[in-house]
Amino acid sequence: MIEHVYRRAAAARGIDAVVVATDDERIAGAVRRFGGIVRMTRADHQTGTDRLAEVARDLSCEVVVNVQGDEPLVDPETIAGVVQPLLREPALLMSTACCPIADETSYTSPHVVKVVRDRSGNALYFSRAAIPFARDGDVVSGFSRTTFKHLGIYAYRREFLLTFASLPQTPLELSESLEQLRALEHGIRIRTVETRDDSIGVDTPEDLERARRRLQVVRAGEVA
């Protein structure tokens, strides 16, 4: 799985280098075997952002992109797209990706993180719950107009990432187990970039089977 993520990240436009940050020697060994770059980190990090910041301290770059290792079908164009707002807007510190929610099952699943946005595309809130509440009972109409699935891809200005990782965890972050809420609770804007590509984050055995089926279809298409 990690090799699929690595190679897709490396294929994204504008990405100069891909580095796997891990505290697991098994993952590090797998990366070395396919020729990737890996950095071992401390094992006591509370979140993936904190682990990323440890590696970023030694990097010489303006923007750092965080692609989670459980996204084997991430689209290189989505990664490139998340970086663009930071290149266009010098005052922007952080961006992420989202896509339309296709069905009610995804909308109600706690394994699918949802995001609602303001008119400028900035995140208002992220949740594992079905947001917003459909007061009139028309759940499908509600989520199809206002709610998006959050994809686990972030771009940060490097200096902000180091500051962000030093901030204390916040009540909403701890309640939802979503570290991006730390930024919102500290008043940081998060720009969302909409994509039509819905990658599969592997959080459950069912997700793993879905990812395997999608990868088989991709391979078949490449052969054809």
# chains A, B, ... in the order shown; residues from 1 in each chain; ligands from 1
>>> select_by_dssp(residues="segment 31-214 of chain A", states="strand (DSSP E or B)", output="MDAnalysis selection string")
chainID A and resid 37:40 63:67 94:100 114:117 122:127 147:157 191:194
>>> residues_around(residues="Ala102 of chain A", least_positions_apart="5", cutoff="9 Å", atoms="only C-alpha atoms", output="mmCIF file with C-alpha atoms, in the first residue's frame")
data_model
loop_
_atom_site.group_PDB
_atom_site.id
_atom_site.type_symbol
_atom_site.label_atom_id
_atom_site.label_comp_id
_atom_site.auth_asym_id
_atom_site.auth_seq_id
_atom_site.Cartn_x
_atom_site.Cartn_y
_atom_site.Cartn_z
ATOM 1 C CA TYR A 107 -22.796 10.672 4.738
ATOM 2 C CA SER A 144 -25.679 16.865 -1.791
ATOM 3 C CA LYS A 149 -16.116 14.249 1.977
#
>>> closest_residue(among="A:Thr47, A:Thr78, A:Gln84, A:Ser127", to="Phe148 of chain A", atoms="only C-alpha atoms")
A:Ser127
>>> residues_around(residues="Val82 of chain A", least_positions_apart="5", cutoff="8 Å", atoms="only C-alpha atoms", output="ChimeraX atom specification")
/A:95-97,153-155,192-193
>>> residues_around(residues="segment 32-46 of chain A", least_positions_apart="5", cutoff="8 Å", atoms="only C-alpha atoms", output="PyMOL selection string")
chain A and resi 3+6+18-25+51+54-55
>>> select_by_dssp(residues="segment 81-152 of chain A", states="helix (DSSP H, G or I)", output="PyMOL selection string")
chain A and resi 81-88+104-108+139-146
>>> write_last_selection(atoms="N, CA and C atoms", output="JSON list (two decimals), in the first residue's frame")
[["chain", "number", "residue", "atom", "x", "y", "z"],
["A", 81, "GLY", "N", -3.25, 19.96, -6.93],
["A", 81, "GLY", "CA", -4.28, 20.96, -6.75],
["A", 81, "GLY", "C", -4.30, 21.56, -5.36],
["A", 82, "VAL", "N", -4.01, 20.76, -4.35],
["A", 82, "VAL", "CA", -4.01, 21.24, -2.96],
["A", 82, "VAL", "C", -2.90, 22.26, -2.74],
["A", 83, "VAL", "N", -1.81, 22.14, -3.47],
["A", 83, "VAL", "CA", -0.69, 23.08, -3.31],
["A", 83, "VAL", "C", -1.00, 24.44, -3.92],
["A", 84, "GLN", "N", -1.83, 24.48, -4.95],
["A", 84, "GLN", "CA", -2.04, 25.71, -5.73],
["A", 84, "GLN", "C", -2.50, 26.92, -4.91],
["A", 85, "PRO", "N", -3.46, 26.78, -3.98],
["A", 85, "PRO", "CA", -3.87, 27.97, -3.23],
["A", 85, "PRO", "C", -2.73, 28.63, -2.46],
["A", 86, "LEU", "N", -1.80, 27.84, -1.94],
["A", 86, "LEU", "CA", -0.68, 28.41, -1.21],
["A", 86, "LEU", "C", 0.27, 29.14, -2.14],
["A", 87, "LEU", "N", 0.37, 28.70, -3.38],
["A", 87, "LEU", "CA", 1.23, 29.38, -4.36],
["A", 87, "LEU", "C", 0.59, 30.69, -4.81],
["A", 88, "ARG", "N", -0.75, 30.73, -4.84],
["A", 88, "ARG", "CA", -1.45, 31.93, -5.32],
["A", 88, "ARG", "C", -1.64, 32.98, -4.22],
["A", 104, "GLU", "N", -25.90, 8.24, 0.83],
["A", 104, "GLU", "CA", -26.28, 8.45, 2.22],
["A", 104, "GLU", "C", -25.44, 7.61, 3.16],
["A", 105, "THR", "N", -25.00, 6.43, 2.73],
["A", 105, "THR", "CA", -24.17, 5.58, 3.58],
["A", 105, "THR", "C", -22.88, 6.29, 3.96],
["A", 106, "SER", "N", -22.24, 6.91, 2.99],
["A", 106, "SER", "CA", -21.01, 7.66, 3.28],
["A", 106, "SER", "C", -21.29, 8.85, 4.19],
["A", 107, "TYR", "N", -22.43, 9.49, 3.96],
["A", 107, "TYR", "CA", -22.80, 10.67, 4.74],
["A", 107, "TYR", "C", -22.97, 10.34, 6.22],
["A", 108, "THR", "N", -23.51, 9.18, 6.52],
["A", 108, "THR", "CA", -23.77, 8.82, 7.92],
["A", 108, "THR", "C", -22.65, 8.01, 8.56],
["A", 139, "VAL", "N", -32.48, 14.29, 3.99],
["A", 139, "VAL", "CA", -31.06, 14.07, 4.21],
["A", 139, "VAL", "C", -30.26, 14.16, 2.92],
["A", 140, "VAL", "N", -30.72, 13.50, 1.88],
["A", 140, "VAL", "CA", -29.98, 13.45, 0.62],
["A", 140, "VAL", "C", -29.82, 14.85, 0.04],
["A", 141, "SER", "N", -30.90, 15.64, 0.04],
["A", 141, "SER", "CA", -30.83, 17.00, -0.49],
["A", 141, "SER", "C", -29.85, 17.83, 0.33],
["A", 142, "GLY", "N", -29.85, 17.63, 1.64],
["A", 142, "GLY", "CA", -28.96, 18.40, 2.51],
["A", 142, "GLY", "C", -27.50, 18.13, 2.23],
["A", 143, "PHE", "N", -27.09, 16.86, 2.17],
["A", 143, "PHE", "CA", -25.66, 16.60, 2.00],
["A", 143, "PHE", "C", -25.21, 16.84, 0.57],
["A", 144, "SER", "N", -26.10, 16.68, -0.41],
["A", 144, "SER", "CA", -25.68, 16.87, -1.79],
["A", 144, "SER", "C", -25.39, 18.34, -2.09],
["A", 145, "ARG", "N", -26.00, 19.24, -1.34],
["A", 145, "ARG", "CA", -25.79, 20.66, -1.59],
["A", 145, "ARG", "C", -24.67, 21.27, -0.77],
["A", 146, "THR", "N", -24.47, 20.79, 0.45],
["A", 146, "THR", "CA", -23.65, 21.54, 1.39],
["A", 146, "THR", "C", -22.47, 20.79, 1.98]]
>>> residues_around(residues="Tyr156 of chain A", least_positions_apart="2", cutoff="6 Å", atoms="only C-alpha atoms", output="ChimeraX atom specification")
/A:63-64,93-94,158,161
>>> atom_distance(atom1="atom CA of Val116 of chain A", atom2="atom CA of Thr147 of chain A")
5.2 Å
>>> closest_residue(among="A:Phe126, A:Ile15, A:Pro171, A:Arg157", to="Ala91 of chain A", atoms="only C-alpha atoms")
A:Arg157
>>> closest_residue(among="A:Gly187, A:Gly48, A:Pro76, A:Pro110", to="Asn122 of chain A", atoms="only C-alpha atoms")
A:Gly187
